[in-house]
Each structure stands twice: as structure tokens, then as C-alpha cells.
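Participant: File query37.txt below, compact mmCIF, C-alpha atoms:
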```txt
# COMPACT_ATOMS: atom_id res chain seq x y z
CA GLU L 1 -10.58 74.25 -27.57
CA VAL L 2 -7.57 73.52 -25.37
CA ALA L 3 -4.39 75.41 -25.94
CA THR L 4 -1.37 73.09 -26.28
CA GLN L 5 2.05 74.18 -25.13
CA THR L 6 5.32 72.53 -25.99
CA ALA L 7 7.00 71.30 -22.80
CA PRO L 8 10.70 71.91 -22.20
CA ASP L 9 13.07 68.96 -22.80
CA ASN L 10 12.63 66.04 -20.35
CA GLN L 11 9.34 67.47 -19.04
CA PRO L 12 5.95 65.86 -19.83
CA THR L 13 3.22 67.69 -21.77
CA ALA L 14 0.21 68.70 -19.67
CA VAL L 15 -2.85 66.64 -20.55
CA PRO L 16 -6.30 68.06 -19.79
CA ASN L 17 -8.48 66.09 -17.42
CA LYS L 18 -11.48 64.17 -18.63
CA PRO L 19 -14.57 64.68 -16.52
CA GLY L 20 -14.81 62.15 -13.67
CA LYS L 21 -11.34 60.64 -14.14
CA PRO L 22 -8.16 61.45 -12.16
CA THR L 23 -5.20 63.00 -13.91
CA ALA L 24 -2.48 60.46 -14.76
CA VAL L 25 0.90 61.67 -13.58
CA PRO L 26 3.64 60.58 -15.98
CA ASN L 27 6.85 59.14 -14.60
CA LYS L 28 10.04 61.09 -14.55
CA PRO L 29 12.68 59.62 -16.86
CA GLY L 30 14.90 57.07 -15.10
CA LYS L 31 12.54 56.41 -12.18
CA PRO L 32 10.38 53.26 -11.81
CA THR L 33 6.62 53.39 -11.80
CA ALA L 34 5.11 53.13 -8.32
CA VAL L 35 2.93 50.03 -8.08
CA PRO L 36 -0.13 50.40 -5.85
CA ASN L 37 -0.66 47.80 -3.12
CA ASN L 38 -2.96 44.88 -3.81
CA PRO L 39 -6.30 45.27 -2.00
CA GLY L 40 -6.38 43.32 1.24
CA LYS L 41 -2.60 43.20 1.64
CA PRO L 42 -0.78 45.36 4.19
CA THR L 43 1.64 48.00 3.05
CA ALA L 44 5.26 47.11 3.71
CA VAL L 45 6.80 49.66 6.04
CA PRO L 46 10.53 50.21 5.49
CA ASN L 47 12.81 49.94 8.50
CA ASN L 48 14.32 53.06 9.94
CA PRO L 49 17.99 53.25 8.96
CA GLY L 50 20.31 52.21 11.74
CA LYS L 51 17.61 50.54 13.82
CA PRO L 52 17.23 46.75 14.19
CA THR L 53 14.09 45.13 12.81
CA ALA L 54 13.44 43.16 15.99
CA ALA L 55 15.08 43.04 19.38
CA PRO L 56 17.10 39.85 19.95
CA SER L 57 15.30 37.20 21.97
CA ALA L 58 16.26 36.80 25.60
CA PRO L 59 17.76 33.41 26.53
CA MET L 60 15.09 30.91 27.55
CA GLN L 61 15.33 29.78 31.13
CA GLY L 62 15.99 26.08 31.67
CA VAL L 63 17.02 25.41 28.04
CA GLN L 64 20.45 24.38 26.75
CA PHE L 65 21.56 23.44 23.24
CA PHE L 66 24.51 21.12 22.54
CA THR L 67 26.30 19.81 19.47
CA THR L 68 29.09 17.29 19.01
CA THR L 69 30.55 19.20 16.05
CA ALA L 70 33.23 21.28 17.76
CA ALA L 71 34.67 18.27 19.61
CA LEU L 72 35.02 15.94 16.61
CA VAL L 73 38.58 14.92 15.71
CA TYR L 74 39.53 12.94 12.60
CA PRO L 75 40.72 10.31 12.46
CA ASP L 76 38.93 9.16 15.59
CA LYS L 77 41.21 7.30 18.00
CA ALA L 78 39.83 5.66 21.13
CA ASP L 79 42.83 6.54 23.29
CA SER L 80 42.67 10.27 22.51
CA ARG L 81 38.93 10.95 22.71
CA THR L 82 37.63 13.94 24.65
CA PRO L 83 33.93 13.64 25.55
CA PRO L 84 31.97 16.59 24.13
CA PRO L 85 30.00 18.83 26.50
CA LEU L 86 26.79 17.16 25.34
CA TYR L 87 27.93 13.77 26.63
CA LYS L 88 29.56 15.09 29.80
CA THR L 89 26.42 17.03 30.76
CA PHE L 90 24.18 14.06 30.02
CA LEU L 91 26.34 11.74 32.15
CA ASN L 92 26.31 14.31 34.94
CA ASP L 93 22.49 14.31 34.89
CA ILE L 94 22.45 10.49 35.11
CA ASN L 95 24.98 10.50 37.94
CA ASN L 96 22.89 13.04 39.87
CA ALA L 97 19.51 11.40 39.24
CA LYS L 98 17.49 10.93 42.43
CA SER L 99 14.35 9.06 41.40
CA SER L 100 14.13 7.99 37.74
CA VAL L 101 15.93 7.73 34.41
CA ASP L 102 13.82 6.89 31.35
CA ILE L 103 15.55 6.44 27.99
CA ALA L 104 14.17 5.67 24.55
CA VAL L 105 16.86 5.64 21.88
CA PHE L 106 17.38 3.93 18.55
CA ASP L 107 20.96 2.87 19.35
CA ILE L 108 23.05 2.79 22.54
CA ASP L 109 26.57 1.48 23.18
CA LEU L 110 28.51 4.08 25.21
CA PRO L 111 30.29 2.12 27.98
CA GLU L 112 30.40 5.02 30.47
CA LEU L 113 26.66 5.49 30.04
CA GLY L 114 26.05 1.81 30.75
CA GLN L 115 28.11 2.10 33.94
CA ALA L 116 26.23 5.27 34.98
CA LEU L 117 22.88 3.54 34.51
CA LEU L 118 24.02 0.55 36.58
CA ALA L 119 25.25 2.87 39.34
CA ALA L 120 21.95 4.79 39.31
CA ASN L 121 20.00 1.55 39.62
CA LYS L 122 22.20 0.46 42.51
CA ARG L 123 21.45 3.62 44.48
CA GLY L 124 17.70 3.12 44.07
CA VAL L 125 16.93 5.13 40.94
CA LYS L 126 14.28 3.54 38.69
CA VAL L 127 15.95 3.05 35.30
CA ARG L 128 14.15 2.06 32.09
CA VAL L 129 15.58 1.72 28.58
CA ALA L 130 13.87 1.18 25.22
CA LEU L 131 15.80 0.65 21.98
CA ASP L 132 15.32 -0.81 18.53
CA ASP L 133 16.12 -4.51 18.37
CA GLU L 134 17.82 -3.99 14.98
CA ASN L 135 20.95 -2.92 16.84
CA LEU L 136 21.24 -5.91 19.19
CA THR L 137 23.35 -7.68 16.55
CA ASP L 138 26.17 -5.28 17.45
CA SER L 139 28.35 -6.80 20.18
CA ARG L 140 28.79 -3.50 22.07
CA VAL L 141 25.04 -2.90 22.16
CA SER L 142 24.22 -6.45 23.23
CA ALA L 143 26.89 -6.31 25.96
CA LEU L 144 25.51 -3.06 27.41
CA ILE L 145 21.89 -4.23 27.25
CA GLY L 146 22.86 -7.59 28.73
CA SER L 147 24.47 -5.90 31.73
CA LEU L 148 21.30 -3.86 32.31
CA LYS L 149 19.11 -6.94 32.16
CA ASP L 150 21.45 -8.77 34.57
CA ALA L 151 20.82 -5.93 37.03
CA GLN L 152 17.03 -6.39 36.62
CA ILE L 153 16.68 -3.04 34.84
CA PRO L 154 13.57 -3.00 32.60
CA VAL L 155 14.65 -3.05 28.94
CA ARG L 156 12.41 -3.14 25.87
CA ALA L 157 13.94 -4.10 22.51
CA ASP L 158 11.32 -2.93 20.03
CA GLY L 159 10.93 -5.52 17.28
CA ARG L 160 8.16 -3.92 15.25
CA GLU L 161 8.70 -3.37 11.54
CA PRO L 162 9.06 0.45 11.75
CA PHE L 163 12.24 1.62 13.44
CA MET L 164 11.91 2.79 17.02
CA HIS L 165 13.81 5.94 16.11
CA GLU L 166 13.47 8.01 19.29
CA LYS L 167 16.40 9.86 20.89
CA ILE L 168 14.95 11.00 24.21
CA ALA L 169 15.65 10.79 27.92
CA VAL L 170 13.72 11.98 30.96
CA ILE L 171 15.48 12.34 34.32
CA ASP L 172 13.72 12.76 37.67
CA ALA L 173 10.52 13.75 35.82
CA GLN L 174 12.11 17.19 35.39
CA ILE L 175 14.87 17.11 32.78
CA VAL L 176 14.28 16.25 29.11
CA TRP L 177 16.94 15.47 26.50
CA THR L 178 15.95 15.26 22.84
CA GLY L 179 17.60 15.75 19.47
CA SER L 180 19.45 13.80 16.78
CA TRP L 181 22.00 12.14 19.09
CA ASN L 182 22.07 8.35 19.42
CA MET L 183 23.87 7.32 22.58
CA THR L 184 26.70 5.65 20.69
CA ILE L 185 30.44 5.99 20.14
CA ASN L 186 29.76 6.73 16.47
CA ASP L 187 27.27 9.54 17.11
CA THR L 188 29.35 11.04 19.93
CA TYR L 189 32.85 11.01 18.45
CA ARG L 190 32.41 10.70 14.67
CA ASN L 191 29.13 12.31 13.56
CA ASN L 192 27.69 15.81 13.76
CA ASN L 193 24.74 15.73 16.15
CA GLN L 194 22.72 18.04 18.35
CA SER L 195 20.61 17.70 21.47
CA TRP L 196 18.46 20.02 23.55
CA ARG L 197 18.27 19.89 27.35
CA PHE L 198 15.09 21.24 28.95
CA VAL L 199 14.24 21.59 32.61
CA ASN L 200 10.48 21.47 32.29
CA PRO L 201 8.17 19.17 34.28
CA THR L 202 5.32 19.55 31.76
CA MET L 203 7.51 18.43 28.86
CA ALA L 204 8.94 15.67 31.04
CA ALA L 205 5.44 14.30 31.72
CA ASP L 206 4.66 14.25 27.99
CA TYR L 207 7.91 12.50 27.09
CA ARG L 208 7.52 9.95 29.89
CA GLN L 209 4.09 9.12 28.51
CA GLU L 210 5.72 8.43 25.15
CA ILE L 211 8.31 6.15 26.79
CA ASP L 212 5.53 4.39 28.74
CA GLN L 213 3.96 3.39 25.42
CA LEU L 214 7.28 2.06 24.13
CA MET L 215 7.92 -0.04 27.23
```
Written as C-alpha cells, that's how I'd like the structure from this file.
Facilitator:
Amino acid sequence: EVATQTAPDNQPTAVPNKPGKPTAVPNKPGKPTAVPNNPGKPTAVPNNPGKPTAAPSAPMQGVQFFTTTAALVYPDKADSRTPPPLYKTFLNDINNAKSSVDIAVFDIDLPELGQALLAANKRGVKVRVALDDENLTDSRVSALIGSLKDAQIPVRADGREPFMHEKIAVIDAQIVWTGSWNMTINDTYRNNNQSWRFVNPTMAADYRQEIDQLM
């Protein structure tokens, strides 16, 4: 026989073990039951108080990120526009191009960009532009593209059923621009957009191959 003792208040009664089975330990009042880990899943290790989970990443070399958001002003007025850093940096890359400028973009109508491309062509830079022909009905787009064609710059207006929805540029086979930004007044001064700038010859080669297929 097993002698049974009455436990004090709030304390569990001792239960004798059965042969071959572990003793169950009752929970203390007010505390949750510990749930064992599922087999095959790692145990979560709590972070040490006051210590970060992971060290912040170091800035990547040759990578810049731009948005138009901070520069947007409503209502938009042509005579008071300030080009956002995205556009100024992109124009600077075009103006400093030495060998090539390859662009594939859904829509393009920025007049300063058209002038920069003409100037690059004039100084011997090989310029190519691909766009979707859907946008040629816009007078600003058709005027810019017409000026490029007049200068014998290769232009491809993609007329296939799916949109040619790229927003990429490759400069001197070194610099890559890609993101959500169409090269238009609307996307530069009225809409929230972003673009990444990479200095990476390997990426540039891949993106030029994509533009080759579009041309």
C-alpha cells in the first residue's frame, strides 16, 4: 500500500510512479504548460537582452538607391520643377558616357534626356533606344523619338501584343539602372518611383543581352 499525504494549499499531491513510466510533473498554478519541441524542428533560442539579433549589413559597394518621392510637389507646375536626384544622376551618367548608352523603357518623353542622348551620339557614343509603340501616340514621345531617328540613332518601337514594359539602361557596359521609373515627366515629377544604380560589368552584360533581344 502507498501512504497518501494531504498536500498544503496550492501544492500538488505526490503521485507514485508506475514502473517504466516517467513521473508527470504538474504545473504550478498560473504558469503555462511547457510544450516540447516537434521532432525534427530546431529549438528557438531567445535573444540575449540588450543585444541585437543580427549586425546591420554594410553598404554594398557600387550600389545606389533612388526614389522620386521626396522631390514631388503638388500641384505640379512646369516652371517650378526641381529634378529629383534620380533624374539628375541619370542625366549625369548619360552626359559622361564614353562608349555606349542602351535604353529599354516602356515610356520616354523627358526633353532634357532627349537632348543628352543627341549630345552623346554627336560625340561618338553608340546610343540605342527601345520603347513600346503604344506610347508613340503621345506628341511628346513621338517628338523625342523622331529627333533620335533624325540623328540616325537606332530606335525600336516594340509593336508586339504584350507590353514592352522594361525600365532599364546600361551605360558604357558598366553602369546599370533598373526599377519602376519610366523616363517621363509624369513618372519623374508626379508619381512615386524608385530606381537602383549598379556599377557592375557582369550585370551590365546581362542587361545588354536583354536589350539586344529587344532591338
Participant: Excluding L:Leu113 and any residue of its chain fewer than 4 positions from it, enumerate the residues within 8 Å of it, using all atoms listed in the file, and give them as a PDB file with C-alpha atoms, in the coordinates of the input.
Facilitator:
```
ATOM      1  CA  LEU L  91      26.340  11.740  32.150  1.00  0.00           C
ATOM      2  CA  ASP L 109      26.570   1.480  23.180  1.00  0.00           C
ATOM      3  CA  LEU L 117      22.880   3.540  34.510  1.00  0.00           C
TER       4      LEU L 117
END
```
Participant: Residues near stretch 152-160 of chain L, anyone? I mean within 12 Å using only C-alpha atoms, not counting same-chain ones fewer than 5 positions away, as a ChimeraX atom specification.
Facilitator: /L:100-108,114,117-122,124-137,141-142,144-147,165-166,211-215
Participant: Excluding L:Arg197 and its own-chain neighbours fewer than 4 positions away, which residues fall within 12 Å of it when counting all atoms listed in the file? Please give them as a PyMOL selection string.
Facilitator: chain L and resi 60-67+85-87+89-90+93+168-171+174-179+181+203-204
Participant: Pull C-alpha atoms from the residues just selected and write them as a tab-separated table (two decimals), in the frame of the given file.
Facilitator:
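Dumped to selection05.tsv:
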```
chain	number	residue	atom	x	y	z
L	60	MET	CA	15.09	30.91	27.55
L	61	GLN	CA	15.33	29.78	31.13
L	62	GLY	CA	15.99	26.08	31.67
L	63	VAL	CA	17.02	25.41	28.04
L	64	GLN	CA	20.45	24.38	26.75
L	65	PHE	CA	21.56	23.44	23.24
L	66	PHE	CA	24.51	21.12	22.54
L	67	THR	CA	26.30	19.81	19.47
L	85	PRO	CA	30.00	18.83	26.50
L	86	LEU	CA	26.79	17.16	25.34
L	87	TYR	CA	27.93	13.77	26.63
L	89	THR	CA	26.42	17.03	30.76
L	90	PHE	CA	24.18	14.06	30.02
L	93	ASP	CA	22.49	14.31	34.89
L	168	ILE	CA	14.95	11.00	24.21
L	169	ALA	CA	15.65	10.79	27.92
L	170	VAL	CA	13.72	11.98	30.96
L	171	ILE	CA	15.48	12.34	34.32
L	174	GLN	CA	12.11	17.19	35.39
L	175	ILE	CA	14.87	17.11	32.78
L	176	VAL	CA	14.28	16.25	29.11
L	177	TRP	CA	16.94	15.47	26.50
L	178	THR	CA	15.95	15.26	22.84
L	179	GLY	CA	17.60	15.75	19.47
L	181	TRP	CA	22.00	12.14	19.09
L	203	MET	CA	7.51	18.43	28.86
L	204	ALA	CA	8.94	15.67	31.04
```
Participant: With all atoms listed in the file as the basis for distance, which of L:Asn182, L:Val73, L:Ala173, L:Ser80 is at the shortest distance from L:Asn200?
Facilitator: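 For L:Asn200, the nearest of the candidates is L:Ala173.
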Participant: Return as AutoDock Vina command-line options the box centre and box size in Å, one decimal, for an axis-aligned box around all listed atoms of stretch 87-103 of chain L padded by 3 Å per side.
Facilitator:
```
--center_x 21.7 --center_y 11.7 --center_z 34.5 --size_x 21.7 --size_y 16.6 --size_z 21.8
```
Participant: What separation in Å, quoted to one decimal, exists between atom CA of L:Asp138 and atom CA of L:Asn92?
Facilitator: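 For atom CA of L:Asp138 relative to atom CA of L:Asn92, the distance reads 26.3 Å.
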Participant: In terms of the shortest atom-to-atom distance over only C-alpha atoms, which of L:Ala116, L:Lys149, L:Pro84, L:Asp172 is closest to L:Lys98?
Facilitator: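 The shortest atom-to-atom distance to L:Lys98 comes from L:Asp172.
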Participant: Taking 4 positions as the minimum chain separation for residues in the same chain, which residues sit within 10 Å of L:Asn192 when counting all atoms listed in the file? Answer as a ChimeraX atom specification.
Facilitator: /L:67-72,180-181,186-188
Participant: How about saving the chosen residues, C-alpha atoms kept, as a PDB file, in the coordinates of the input?
Facilitator:
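Saved to part.pdb:
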```
ATOM      1  CA  THR L  67      26.300  19.810  19.470  1.00  0.00           C
ATOM      2  CA  THR L  68      29.090  17.290  19.010  1.00  0.00           C
ATOM      3  CA  THR L  69      30.550  19.200  16.050  1.00  0.00           C
ATOM      4  CA  ALA L  70      33.230  21.280  17.760  1.00  0.00           C
ATOM      5  CA  ALA L  71      34.670  18.270  19.610  1.00  0.00           C
ATOM      6  CA  LEU L  72      35.020  15.940  16.610  1.00  0.00           C
ATOM      7  CA  SER L 180      19.450  13.800  16.780  1.00  0.00           C
ATOM      8  CA  TRP L 181      22.000  12.140  19.090  1.00  0.00           C
ATOM      9  CA  ASN L 186      29.760   6.730  16.470  1.00  0.00           C
ATOM     10  CA  ASP L 187      27.270   9.540  17.110  1.00  0.00           C
ATOM     11  CA  THR L 188      29.350  11.040  19.930  1.00  0.00           C
TER      12      THR L 188
END
```
Participant: Could you work out how far atom CA of L:Thr184 lies from atom CA of L:Asp76, giving the answer in Å with one decimal?
Facilitator: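 Between these atoms lies a distance of 13.7 Å.
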Participant: Looking at L:Gln115, L:Thr82, L:Gln209, L:Thr202, which one is nearest to L:Arg190, with distances taken over only C-alpha atoms?
Facilitator: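 Checking each candidate against L:Arg190, we get L:Thr82 as the closest.
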Participant: Please report the interatomic distance between atom CA of L:Tyr189 and atom CA of L:Asp79 in Å with one decimal.
Facilitator: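 Those two atoms sit 12.0 Å apart.
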Participant: Looking at L:Ile94, L:Asn191, L:Pro201, L:Leu148, which one is nearest to L:Pro75, with distances taken over all atoms listed in the file?
Facilitator: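 Among the listed residues, L:Asn191 lies closest to L:Pro75.
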Participant: Counting all atoms listed in the file, which of L:Arg123, L:Arg208, L:Lys167, L:Arg140 gets nearest to L:Ile185?
Facilitator: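 Smallest distance to L:Ile185 is found for L:Arg140.
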